[in-house]
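Asker: Could you have a look at this structure, given as structure tokens, before my questions?
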Amino acid sequence: MKKRLVLIDEDVLALTELKQRMIASQFLSVIGEAHQIEDVWKVLQTEQPDLILVGSLRQAEIGVLCQQIRFVCPQVTVIATCSAKELHWEPFLRNLQIWVLAKPVQPEQVELLSMQPSPSSYMQSGMGTGAPLVPMQSSPSAFAVAESPVATPAYLAKKEKPKHLITVYGPKGGVGKTFLSRELAVYFRQVPQNGRPLKVLAVDFNLDLGTFATSLNLPRTPNLFTWAQAIDQQIVAMMQREGIDSETAGPQEWQDYATSLRLGADEVEPFIVVHEQSGLHILTSPREIRQSFEIKDYHLYVMLETLKQSDYDVILIDTAPDTSDATIQALFFSQRVVLVGTPVVDAIENIQRLLKLLREAEYPEERIQVCINRLQRKEMFTLEEIRAYFQLHPGKTIFSIPDDDEVKRSINAGMPIMLGQQRSAARDAIEKLAKSIVTMEDETAAKKTAKPKEKARSSMWSWLRR
Ligand SMILES: Nc1ncnc2c1ncn2[C@@H]1O[C@H](COP(=O)(O)OP(=O)(O)O)[C@@H](O)[C@H]1O
Ligand SMILES: [Mg+2]
């Protein structure tokens with residue numbers, strides 16, 4: 001049986017041509033099309049296609065539109081067809097398990113993709129054992145919510161502020177992840193945007209042995225565990241409303257309810273600890289190790305989805321040196337990953353293994369910044385040797401931060417070096433790394449050209465680059 005295909009694009013001529021060329025297809029039949037956003041939801045609801053080819057619509061960014069379609073029609077294969085100007089969405093789309101084709105599209109390409117499973121995400125690469133980053137709606141009535149464009153879930157319809165989601169990761173303990181997370185977070189906090197400081201949140205995803213709060217002399221209550229408990233209360237309430245006994249509900253049911261739970265953007269607030277000197281907000285790891293065992297994948301999923309919708313301009317996640325689901329979810333949640341190691345053979349070996357895993361999962365390498373911390377004047381390995389070992393692109397910078405006694409003092413005193421008066425080589429190096437993270441963002445923003453709201457943002461980033 002032929003697969004049922006819906007075409008979406010405002011370019012009517014191009015669609016007509018593609019349709020003509022598809023008539024002969026043995027595998028696909030075009031059953032509907034939409035040239036404007038209003039028609040998209042109607043055609044998806046009435047035609048219930050197997051496959052959707054999403055192109056450009058004036059009223060919607062292709063990435064946002066695909067995300068909405070993926071949400072409303074989770075079981076349908078989505079192929080995004082991007083113009084050169086839209087190709088910067090590719091990593092984002094791939095992460096949503098959406099195929100991406102560059103325009104002009106050939107019928108054979110669509111036929112070929114219609115026979116493939118979705119593009120690899122970390123789940124399909126066997127990297128995680130928990131919930132996929134974008135869990136599939138299990139509800140068969142998903143189409144019921146798509147009655148009109150207004151029925152688009154409110155949390156998706158909301159205009160999202162540009163956000164910077166950064167994970168600091170290193171597959172070895174003691175290499176400086178927490179130190180770097182703290183300094184980067186404080187640094188971003190100090191950069192004003194349109195005359196106001198950025199809203200910055202640091203999240204301690206080292207659930208069992210995190211020390212982020214300690215590194216700022218802060219209490220560890222409330223924390224991620226108290227938030228997880230509050231999430232469970234909401235899920236129980238949802239189950240009760242539907243007559244389900246939460247005591248006997250299985251893990252799959254909890255997972256399903258968590259997937260459909262939509263927290264408001266401000267629901268993170270009660271679980272935040274504030275660092276008064278810098279104004280940094282922190283979601284700390286639990287006080288006790290056994291509480292960390294109670295934080296499940298579905299909690300992490302709900303938390304990250306809520307954070308994505310929150311008001312924070314920058315969200316920085318500190319992680320554990322492991323490949324737990326918390327860590328993997330953080331990596332796939334982020335637009336930038338700072339991969340930290342020290343110039344010792346075991347740290348370097350583990351970074352190499354991690355890079356291999358990410359490459360196998362087709363993780364976009366341009367998101368990764370490699371940073372070698374605690375560099376001493378004489379090292380066994382030069383940065384160039386390390387680059388060659390990691391097989392990094394020759395154009396990619398490896399960042400380094402010198403070993404500095406001041407760092408140890410600043411950790412013990414709970415006082416970020418970014419808040420001190422003194423300049424030091426370590427501080428300068430961290431600022432350089434911070435600027436590289438936001439400069440890359442600036443390039444992405446520049447590609448999106450000529451949108452007034454983007455201009456305000458790029459002026460901030462150009463301020464940063466001075
Ligand atoms: N650049 C540096 N110079 C000197 N000591 C450092 C530096 N970076 C980290 N350290 C030391 O390493 C210790 C471990 O750092 P931490 O950030 O807790 O590592 P991780 O989070 O990766 O386990 C810190 O307490 C600090 O004493
Ligand atoms: Mg740490």
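Convention: chains lettered A, B, ... in structure tokens order; per-chain residue numbering from 1; ligands numbered from 1 as shown.
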If we count only C-alpha atoms, what is near segment 321-323 of chain A at a cut-off of 8 Å, once residues fewer than 6 positions away on the same chain are taken out, given as a list of chain:residue names?

Answerer: A:Tyr169, A:Gly170, A:Pro171, A:Lys172, A:Gly173

Asker: Could you list, as a list of chain:residue names, all protein and nucleic acid residues with an atom at most 6 Å from ligand 1, counting only C-alpha atoms and all ligand atoms?

Answerer: A:Gly173, A:Gly174, A:Val175, A:Gly176, A:Lys177, A:Thr178, A:Phe179, A:Asn373, A:Arg374, A:Ile401, A:Pro402, A:Asp403, A:Asp404, A:Asp405, A:Val407, A:Lys408, A:Ile411

Asker: Any idea what the distance is between atom CA of Leu53 of chain A and atom CA of Lys19 of chain A?

Answerer: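 Result for atom CA of Leu53 of chain A versus atom CA of Lys19 of chain A: 11.7 Å, one decimal.
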
Asker: Which polymer residues have any atom within 12 Å of an atom of Leu331 of chain A, counting only C-alpha atoms, with same-chain residues fewer than 2 positions away left out, as a PyMOL selection string?

Answerer: chain A and resi 95+121-122+127-128+133+165-170+205+304+316-320+322-329+333-339+354+358+361+363-365+367-368

Asker: Write out as a PDB file with N, CA and C atoms, in the first residue's frame all residues of segment 224-395 of chain A that DSSP puts in helix (DSSP H, G or I) for this structure's backbone.

Answerer:
ATOM      1  N   LEU A 224      16.390  19.498  43.624  1.00  0.00           N
ATOM      2  CA  LEU A 224      15.743  18.743  42.537  1.00  0.00           C
ATOM      3  C   LEU A 224      14.830  17.637  43.073  1.00  0.00           C
ATOM      4  N   PHE A 225      15.160  17.134  44.254  1.00  0.00           N
ATOM      5  CA  PHE A 225      14.306  16.092  44.837  1.00  0.00           C
ATOM      6  C   PHE A 225      12.982  16.688  45.290  1.00  0.00           C
ATOM      7  N   THR A 226      13.035  17.872  45.916  1.00  0.00           N
ATOM      8  CA  THR A 226      11.758  18.480  46.344  1.00  0.00           C
ATOM      9  C   THR A 226      10.898  18.791  45.119  1.00  0.00           C
ATOM     10  N   TRP A 227      11.547  19.167  44.017  1.00  0.00           N
ATOM     11  CA  TRP A 227      10.782  19.419  42.793  1.00  0.00           C
ATOM     12  C   TRP A 227      10.175  18.111  42.259  1.00  0.00           C
ATOM     13  N   ALA A 228      10.969  17.045  42.293  1.00  0.00           N
ATOM     14  CA  ALA A 228      10.466  15.742  41.811  1.00  0.00           C
ATOM     15  C   ALA A 228       9.233  15.327  42.628  1.00  0.00           C
ATOM     16  N   GLN A 229       9.270  15.573  43.935  1.00  0.00           N
ATOM     17  CA  GLN A 229       8.109  15.231  44.768  1.00  0.00           C
ATOM     18  C   GLN A 229       6.879  16.032  44.353  1.00  0.00           C
ATOM     19  N   ALA A 230       7.096  17.322  44.065  1.00  0.00           N
ATOM     20  CA  ALA A 230       5.971  18.167  43.646  1.00  0.00           C
ATOM     21  C   ALA A 230       5.415  17.680  42.300  1.00  0.00           C
ATOM     22  N   ILE A 231       6.294  17.244  41.422  1.00  0.00           N
ATOM     23  CA  ILE A 231       5.840  16.715  40.119  1.00  0.00           C
ATOM     24  C   ILE A 231       4.983  15.467  40.353  1.00  0.00           C
ATOM     25  N   ASP A 232       5.444  14.617  41.253  1.00  0.00           N
ATOM     26  CA  ASP A 232       4.669  13.400  41.530  1.00  0.00           C
ATOM     27  C   ASP A 232       3.281  13.739  42.074  1.00  0.00           C
ATOM     28  N   GLN A 233       3.220  14.756  42.934  1.00  0.00           N
ATOM     29  CA  GLN A 233       1.901  15.149  43.460  1.00  0.00           C
ATOM     30  C   GLN A 233       0.965  15.554  42.325  1.00  0.00           C
ATOM     31  N   GLN A 234       1.508  16.266  41.351  1.00  0.00           N
ATOM     32  CA  GLN A 234       0.661  16.696  40.225  1.00  0.00           C
ATOM     33  C   GLN A 234       0.234  15.502  39.378  1.00  0.00           C
ATOM     34  N   ILE A 235       1.139  14.538  39.212  1.00  0.00           N
ATOM     35  CA  ILE A 235       0.779  13.356  38.422  1.00  0.00           C
ATOM     36  C   ILE A 235      -0.303  12.559  39.148  1.00  0.00           C
ATOM     37  N   VAL A 236      -0.141  12.422  40.468  1.00  0.00           N
ATOM     38  CA  VAL A 236      -1.156  11.702  41.249  1.00  0.00           C
ATOM     39  C   VAL A 236      -2.517  12.383  41.096  1.00  0.00           C
ATOM     40  N   ALA A 237      -2.515  13.715  41.154  1.00  0.00           N
ATOM     41  CA  ALA A 237      -3.782  14.453  41.014  1.00  0.00           C
ATOM     42  C   ALA A 237      -4.398  14.189  39.636  1.00  0.00           C
ATOM     43  N   MET A 238      -3.542  14.172  38.600  1.00  0.00           N
ATOM     44  CA  MET A 238      -4.060  13.891  37.247  1.00  0.00           C
ATOM     45  C   MET A 238      -4.669  12.492  37.180  1.00  0.00           C
ATOM     46  N   MET A 239      -3.961  11.529  37.783  1.00  0.00           N
ATOM     47  CA  MET A 239      -4.453  10.144  37.773  1.00  0.00           C
ATOM     48  C   MET A 239      -5.793  10.064  38.497  1.00  0.00           C
ATOM     49  N   GLN A 240      -5.865  10.753  39.646  1.00  0.00           N
ATOM     50  CA  GLN A 240      -7.126  10.709  40.420  1.00  0.00           C
ATOM     51  C   GLN A 240      -8.278  11.259  39.592  1.00  0.00           C
ATOM     52  N   ARG A 241      -7.999  12.361  38.883  1.00  0.00           N
ATOM     53  CA  ARG A 241      -9.060  12.960  38.067  1.00  0.00           C
ATOM     54  C   ARG A 241      -9.577  11.958  37.034  1.00  0.00           C
ATOM     55  N   PRO A 251       5.159   1.705  35.900  1.00  0.00           N
ATOM     56  CA  PRO A 251       6.115   2.728  35.448  1.00  0.00           C
ATOM     57  C   PRO A 251       5.700   3.364  34.116  1.00  0.00           C
ATOM     58  N   GLN A 252       5.133   2.542  33.218  1.00  0.00           N
ATOM     59  CA  GLN A 252       4.742   3.089  31.914  1.00  0.00           C
ATOM     60  C   GLN A 252       3.657   4.149  32.064  1.00  0.00           C
ATOM     61  N   GLU A 253       2.720   3.888  33.000  1.00  0.00           N
ATOM     62  CA  GLU A 253       1.657   4.871  33.215  1.00  0.00           C
ATOM     63  C   GLU A 253       2.215   6.176  33.789  1.00  0.00           C
ATOM     64  N   TRP A 254       3.124   6.033  34.723  1.00  0.00           N
ATOM     65  CA  TRP A 254       3.755   7.241  35.290  1.00  0.00           C
ATOM     66  C   TRP A 254       4.463   8.018  34.185  1.00  0.00           C
ATOM     67  N   GLN A 255       5.161   7.272  33.365  1.00  0.00           N
ATOM     68  CA  GLN A 255       5.877   7.887  32.241  1.00  0.00           C
ATOM     69  C   GLN A 255       4.901   8.619  31.312  1.00  0.00           C
ATOM     70  N   ASP A 256       3.781   7.949  30.997  1.00  0.00           N
ATOM     71  CA  ASP A 256       2.803   8.547  30.084  1.00  0.00           C
ATOM     72  C   ASP A 256       2.195   9.818  30.678  1.00  0.00           C
ATOM     73  N   TYR A 257       1.856   9.740  31.968  1.00  0.00           N
ATOM     74  CA  TYR A 257       1.266  10.922  32.584  1.00  0.00           C
ATOM     75  C   TYR A 257       2.284  12.062  32.653  1.00  0.00           C
ATOM     76  N   ALA A 258       3.525  11.710  32.939  1.00  0.00           N
ATOM     77  CA  ALA A 258       4.561  12.748  32.997  1.00  0.00           C
ATOM     78  C   ALA A 258       4.699  13.422  31.634  1.00  0.00           C
ATOM     79  N   THR A 259       4.602  12.615  30.571  1.00  0.00           N
ATOM     80  CA  THR A 259       4.749  13.165  29.229  1.00  0.00           C
ATOM     81  C   THR A 259       3.658  14.186  28.929  1.00  0.00           C
ATOM     82  N   SER A 260       2.463  13.917  29.443  1.00  0.00           N
ATOM     83  CA  SER A 260       1.389  14.865  29.130  1.00  0.00           C
ATOM     84  C   SER A 260       1.284  15.997  30.153  1.00  0.00           C
ATOM     85  N   ALA A 265       5.773  27.946  33.016  1.00  0.00           N
ATOM     86  CA  ALA A 265       7.172  28.364  32.945  1.00  0.00           C
ATOM     87  C   ALA A 265       7.727  28.779  34.307  1.00  0.00           C
ATOM     88  N   ASP A 266       6.847  29.244  35.193  1.00  0.00           N
ATOM     89  CA  ASP A 266       7.340  29.758  36.479  1.00  0.00           C
ATOM     90  C   ASP A 266       7.314  28.691  37.581  1.00  0.00           C
ATOM     91  N   GLU A 267       6.989  27.460  37.222  1.00  0.00           N
ATOM     92  CA  GLU A 267       6.836  26.453  38.286  1.00  0.00           C
ATOM     93  C   GLU A 267       8.153  25.980  38.876  1.00  0.00           C
ATOM     94  N   VAL A 268       9.249  26.422  38.265  1.00  0.00           N
ATOM     95  CA  VAL A 268      10.546  26.061  38.828  1.00  0.00           C
ATOM     96  C   VAL A 268      10.873  26.930  40.060  1.00  0.00           C
ATOM     97  N   GLU A 269      10.292  28.114  40.128  1.00  0.00           N
ATOM     98  CA  GLU A 269      10.692  29.104  41.126  1.00  0.00           C
ATOM     99  C   GLU A 269      10.760  28.608  42.580  1.00  0.00           C
ATOM    100  N   PRO A 270       9.740  27.866  43.053  1.00  0.00           N
ATOM    101  CA  PRO A 270       9.808  27.457  44.467  1.00  0.00           C
ATOM    102  C   PRO A 270      11.008  26.548  44.785  1.00  0.00           C
ATOM    103  N   PHE A 271      11.668  26.045  43.762  1.00  0.00           N
ATOM    104  CA  PHE A 271      12.739  25.067  44.016  1.00  0.00           C
ATOM    105  C   PHE A 271      14.135  25.644  43.790  1.00  0.00           C
ATOM    106  N   ILE A 289      22.078  11.233  49.344  1.00  0.00           N
ATOM    107  CA  ILE A 289      22.249  10.390  48.165  1.00  0.00           C
ATOM    108  C   ILE A 289      20.988   9.577  47.886  1.00  0.00           C
ATOM    109  N   ARG A 290      20.379   9.043  48.969  1.00  0.00           N
ATOM    110  CA  ARG A 290      19.226   8.175  48.672  1.00  0.00           C
ATOM    111  C   ARG A 290      18.070   8.949  48.034  1.00  0.00           C
ATOM    112  N   GLN A 291      17.998  10.261  48.285  1.00  0.00           N
ATOM    113  CA  GLN A 291      16.953  11.049  47.615  1.00  0.00           C
ATOM    114  C   GLN A 291      17.198  11.113  46.110  1.00  0.00           C
ATOM    115  N   SER A 292      18.475  11.077  45.732  1.00  0.00           N
ATOM    116  CA  SER A 292      18.775  11.150  44.293  1.00  0.00           C
ATOM    117  C   SER A 292      18.238   9.913  43.562  1.00  0.00           C
ATOM    118  N   ASP A 297      13.757   9.172  35.362  1.00  0.00           N
ATOM    119  CA  ASP A 297      13.869   9.779  34.026  1.00  0.00           C
ATOM    120  C   ASP A 297      12.713  10.715  33.710  1.00  0.00           C
ATOM    121  N   TYR A 298      11.500  10.285  34.103  1.00  0.00           N
ATOM    122  CA  TYR A 298      10.358  11.115  33.727  1.00  0.00           C
ATOM    123  C   TYR A 298      10.386  12.448  34.464  1.00  0.00           C
ATOM    124  N   HIS A 299      10.932  12.462  35.698  1.00  0.00           N
ATOM    125  CA  HIS A 299      11.102  13.749  36.389  1.00  0.00           C
ATOM    126  C   HIS A 299      12.049  14.641  35.592  1.00  0.00           C
ATOM    127  N   LEU A 300      13.161  14.044  35.183  1.00  0.00           N
ATOM    128  CA  LEU A 300      14.169  14.836  34.471  1.00  0.00           C
ATOM    129  C   LEU A 300      13.581  15.403  33.187  1.00  0.00           C
ATOM    130  N   TYR A 301      12.789  14.575  32.531  1.00  0.00           N
ATOM    131  CA  TYR A 301      12.169  15.024  31.284  1.00  0.00           C
ATOM    132  C   TYR A 301      11.244  16.223  31.543  1.00  0.00           C
ATOM    133  N   VAL A 302      10.376  16.095  32.541  1.00  0.00           N
ATOM    134  CA  VAL A 302       9.444  17.191  32.852  1.00  0.00           C
ATOM    135  C   VAL A 302      10.239  18.443  33.243  1.00  0.00           C
ATOM    136  N   MET A 303      11.289  18.244  34.030  1.00  0.00           N
ATOM    137  CA  MET A 303      12.085  19.396  34.478  1.00  0.00           C
ATOM    138  C   MET A 303      12.727  20.116  33.286  1.00  0.00           C
ATOM    139  N   LEU A 304      13.347  19.354  32.411  1.00  0.00           N
ATOM    140  CA  LEU A 304      14.042  19.995  31.287  1.00  0.00           C
ATOM    141  C   LEU A 304      13.048  20.687  30.363  1.00  0.00           C
ATOM    142  N   GLU A 305      11.906  20.048  30.138  1.00  0.00           N
ATOM    143  CA  GLU A 305      10.894  20.687  29.293  1.00  0.00           C
ATOM    144  C   GLU A 305      10.412  21.991  29.936  1.00  0.00           C
ATOM    145  N   THR A 306      10.245  21.982  31.247  1.00  0.00           N
ATOM    146  CA  THR A 306       9.797  23.190  31.940  1.00  0.00           C
ATOM    147  C   THR A 306      10.875  24.279  31.850  1.00  0.00           C
ATOM    148  N   LEU A 307      12.124  23.870  32.021  1.00  0.00           N
ATOM    149  CA  LEU A 307      13.207  24.858  31.958  1.00  0.00           C
ATOM    150  C   LEU A 307      13.291  25.496  30.580  1.00  0.00           C
ATOM    151  N   LYS A 308      13.029  24.690  29.550  1.00  0.00           N
ATOM    152  CA  LYS A 308      13.064  25.221  28.184  1.00  0.00           C
ATOM    153  C   LYS A 308      12.055  26.354  28.008  1.00  0.00           C
ATOM    154  N   GLN A 309      10.947  26.243  28.715  1.00  0.00           N
ATOM    155  CA  GLN A 309       9.895  27.261  28.572  1.00  0.00           C
ATOM    156  C   GLN A 309      10.073  28.406  29.560  1.00  0.00           C
ATOM    157  N   ASP A 325      21.303   8.608  32.703  1.00  0.00           N
ATOM    158  CA  ASP A 325      20.289   9.274  31.890  1.00  0.00           C
ATOM    159  C   ASP A 325      20.252  10.770  32.135  1.00  0.00           C
ATOM    160  N   ALA A 326      20.534  11.183  33.379  1.00  0.00           N
ATOM    161  CA  ALA A 326      20.543  12.625  33.652  1.00  0.00           C
ATOM    162  C   ALA A 326      21.591  13.300  32.767  1.00  0.00           C
ATOM    163  N   THR A 327      22.758  12.686  32.690  1.00  0.00           N
ATOM    164  CA  THR A 327      23.835  13.276  31.901  1.00  0.00           C
ATOM    165  C   THR A 327      23.483  13.280  30.413  1.00  0.00           C
ATOM    166  N   ILE A 328      23.009  12.155  29.916  1.00  0.00           N
ATOM    167  CA  ILE A 328      22.705  12.064  28.486  1.00  0.00           C
ATOM    168  C   ILE A 328      21.559  13.012  28.124  1.00  0.00           C
ATOM    169  N   GLN A 329      20.558  13.082  28.988  1.00  0.00           N
ATOM    170  CA  GLN A 329      19.461  14.020  28.702  1.00  0.00           C
ATOM    171  C   GLN A 329      19.982  15.451  28.680  1.00  0.00           C
ATOM    172  N   ALA A 330      20.882  15.762  29.608  1.00  0.00           N
ATOM    173  CA  ALA A 330      21.448  17.122  29.627  1.00  0.00           C
ATOM    174  C   ALA A 330      22.203  17.408  28.332  1.00  0.00           C
ATOM    175  N   LEU A 331      22.970  16.425  27.859  1.00  0.00           N
ATOM    176  CA  LEU A 331      23.743  16.632  26.625  1.00  0.00           C
ATOM    177  C   LEU A 331      22.825  16.914  25.441  1.00  0.00           C
ATOM    178  N   PHE A 332      21.718  16.184  25.373  1.00  0.00           N
ATOM    179  CA  PHE A 332      20.833  16.354  24.226  1.00  0.00           C
ATOM    180  C   PHE A 332      19.884  17.544  24.395  1.00  0.00           C
ATOM    181  N   PHE A 333      19.772  18.020  25.599  1.00  0.00           N
ATOM    182  CA  PHE A 333      18.947  19.196  25.874  1.00  0.00           C
ATOM    183  C   PHE A 333      19.670  20.464  25.416  1.00  0.00           C
ATOM    184  N   VAL A 345      46.419  11.184  31.041  1.00  0.00           N
ATOM    185  CA  VAL A 345      46.058  10.214  30.020  1.00  0.00           C
ATOM    186  C   VAL A 345      44.664   9.617  30.219  1.00  0.00           C
ATOM    187  N   ASP A 346      44.263   9.401  31.481  1.00  0.00           N
ATOM    188  CA  ASP A 346      42.950   8.771  31.668  1.00  0.00           C
ATOM    189  C   ASP A 346      41.808   9.725  31.320  1.00  0.00           C
ATOM    190  N   ALA A 347      41.978  11.008  31.641  1.00  0.00           N
ATOM    191  CA  ALA A 347      40.938  11.978  31.290  1.00  0.00           C
ATOM    192  C   ALA A 347      40.827  12.079  29.771  1.00  0.00           C
ATOM    193  N   ILE A 348      41.978  12.115  29.126  1.00  0.00           N
ATOM    194  CA  ILE A 348      41.973  12.258  27.671  1.00  0.00           C
ATOM    195  C   ILE A 348      41.376  11.022  27.005  1.00  0.00           C
ATOM    196  N   GLU A 349      41.731   9.875  27.536  1.00  0.00           N
ATOM    197  CA  GLU A 349      41.187   8.637  26.956  1.00  0.00           C
ATOM    198  C   GLU A 349      39.650   8.637  27.068  1.00  0.00           C
ATOM    199  N   ASN A 350      39.147   9.064  28.222  1.00  0.00           N
ATOM    200  CA  ASN A 350      37.696   9.041  28.401  1.00  0.00           C
ATOM    201  C   ASN A 350      36.979  10.069  27.530  1.00  0.00           C
ATOM    202  N   ILE A 351      37.627  11.198  27.326  1.00  0.00           N
ATOM    203  CA  ILE A 351      37.000  12.179  26.419  1.00  0.00           C
ATOM    204  C   ILE A 351      36.937  11.579  25.014  1.00  0.00           C
ATOM    205  N   GLN A 352      38.014  10.926  24.614  1.00  0.00           N
ATOM    206  CA  GLN A 352      38.035  10.299  23.291  1.00  0.00           C
ATOM    207  C   GLN A 352      36.912   9.265  23.159  1.00  0.00           C
ATOM    208  N   ARG A 353      36.726   8.470  24.204  1.00  0.00           N
ATOM    209  CA  ARG A 353      35.668   7.447  24.148  1.00  0.00           C
ATOM    210  C   ARG A 353      34.299   8.094  24.074  1.00  0.00           C
ATOM    211  N   LEU A 354      34.170   9.178  24.819  1.00  0.00           N
ATOM    212  CA  LEU A 354      32.885   9.884  24.822  1.00  0.00           C
ATOM    213  C   LEU A 354      32.616  10.512  23.460  1.00  0.00           C
ATOM    214  N   LEU A 355      33.663  11.119  22.875  1.00  0.00           N
ATOM    215  CA  LEU A 355      33.490  11.721  21.543  1.00  0.00           C
ATOM    216  C   LEU A 355      33.070  10.645  20.534  1.00  0.00           C
ATOM    217  N   LYS A 356      33.655   9.471  20.684  1.00  0.00           N
ATOM    218  CA  LYS A 356      33.318   8.369  19.767  1.00  0.00           C
ATOM    219  C   LYS A 356      31.832   8.024  19.893  1.00  0.00           C
ATOM    220  N   LEU A 357      31.381   7.930  21.129  1.00  0.00           N
ATOM    221  CA  LEU A 357      29.968   7.611  21.362  1.00  0.00           C
ATOM    222  C   LEU A 357      29.057   8.683  20.752  1.00  0.00           C
ATOM    223  N   LEU A 358      29.411   9.949  20.988  1.00  0.00           N
ATOM    224  CA  LEU A 358      28.581  11.042  20.460  1.00  0.00           C
ATOM    225  C   LEU A 358      28.595  11.042  18.928  1.00  0.00           C
ATOM    226  N   ARG A 359      29.762  10.745  18.362  1.00  0.00           N
ATOM    227  CA  ARG A 359      29.829  10.708  16.888  1.00  0.00           C
ATOM    228  C   ARG A 359      28.964   9.582  16.351  1.00  0.00           C
ATOM    229  N   GLU A 360      28.994   8.445  17.028  1.00  0.00           N
ATOM    230  CA  GLU A 360      28.159   7.322  16.573  1.00  0.00           C
ATOM    231  C   GLU A 360      26.684   7.683  16.633  1.00  0.00           C
ATOM    232  N   GLU A 365      28.746  17.873  16.160  1.00  0.00           N
ATOM    233  CA  GLU A 365      30.014  18.158  16.834  1.00  0.00           C
ATOM    234  C   GLU A 365      30.243  19.657  17.023  1.00  0.00           C
ATOM    235  N   GLU A 366      29.579  20.457  16.195  1.00  0.00           N
ATOM    236  CA  GLU A 366      29.778  21.905  16.342  1.00  0.00           C
ATOM    237  C   GLU A 366      29.226  22.417  17.670  1.00  0.00           C
ATOM    238  N   ARG A 367      28.441  21.610  18.339  1.00  0.00           N
ATOM    239  CA  ARG A 367      27.942  22.041  19.649  1.00  0.00           C
ATOM    240  C   ARG A 367      29.006  21.905  20.741  1.00  0.00           C
ATOM    241  N   LEU A 383      48.532  20.665  23.327  1.00  0.00           N
ATOM    242  CA  LEU A 383      47.130  20.776  22.885  1.00  0.00           C
ATOM    243  C   LEU A 383      46.986  20.226  21.466  1.00  0.00           C
ATOM    244  N   GLU A 384      48.020  20.417  20.649  1.00  0.00           N
ATOM    245  CA  GLU A 384      47.955  19.904  19.275  1.00  0.00           C
ATOM    246  C   GLU A 384      47.905  18.378  19.255  1.00  0.00           C
ATOM    247  N   GLU A 385      48.676  17.769  20.152  1.00  0.00           N
ATOM    248  CA  GLU A 385      48.630  16.295  20.230  1.00  0.00           C
ATOM    249  C   GLU A 385      47.251  15.829  20.680  1.00  0.00           C
ATOM    250  N   ILE A 386      46.709  16.568  21.626  1.00  0.00           N
ATOM    251  CA  ILE A 386      45.378  16.200  22.128  1.00  0.00           C
ATOM    252  C   ILE A 386      44.347  16.351  21.006  1.00  0.00           C
ATOM    253  N   ARG A 387      44.463  17.430  20.238  1.00  0.00           N
ATOM    254  CA  ARG A 387      43.529  17.647  19.129  1.00  0.00           C
ATOM    255  C   ARG A 387      43.602  16.478  18.128  1.00  0.00           C
ATOM    256  N   ALA A 388      44.837  16.084  17.825  1.00  0.00           N
ATOM    257  CA  ALA A 388      45.007  14.995  16.850  1.00  0.00           C
ATOM    258  C   ALA A 388      44.386  13.707  17.402  1.00  0.00           C
ATOM    259  N   TYR A 389      44.603  13.477  18.680  1.00  0.00           N
ATOM    260  CA  TYR A 389      44.059  12.263  19.293  1.00  0.00           C
ATOM    261  C   TYR A 389      42.528  12.252  19.247  1.00  0.00           C
ATOM    262  N   PHE A 390      41.948  13.420  19.470  1.00  0.00           N
ATOM    263  CA  PHE A 390      40.474  13.520  19.444  1.00  0.00           C
ATOM    264  C   PHE A 390      39.925  13.574  18.017  1.00  0.00           C
TER     265      PHE A 390
END

Asker: Contacts of segment 5-13 of chain A at 6 Å or less, counting only C-alpha atoms, minus same-chain residues fewer than 5 places along, as a list in words?

Answerer: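 Near neighbours after the sequence-gap exclusion: Ser29, Val30, Ile31, Gly32, Glu33, Ala34, His35, Pro49, Leu51, Ile52, Leu53, Val54, Gly55, Ser56 and Leu57 of chain A.
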
Asker: Figure out the distance between atom CA of Leu28 of chain A and atom CA of Asp50 of chain A, please, to one decimal in Å.

Answerer: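 For atom CA of Asp50 of chain A relative to atom CA of Leu28 of chain A, the distance reads 9.6 Å.
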
Asker: Go through A:Glu431, A:Asp313, A:Asp245, A:Asp204 and flag the residue nearest ligand 2, using only C-alpha atoms and all ligand atoms for the distances.

Answerer: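 Comparing A:Glu431, A:Asp313, A:Asp245, A:Asp204 against ligand 2, the winner is A:Asp204.
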
Asker: I'd like the contact shell of Ile315 of chain A - 6 Å cut-off, only C-alpha atoms, skipping same-chain residues fewer than 4 positions apart - returned as a ChimeraX atom specification.

Answerer: /A:165,200-202

Asker: Please compute the atom CA of Glu242 of chain A-atom CA of Leu96 of chain A distance, one decimal, in Å.

Answerer: 29.6 Å
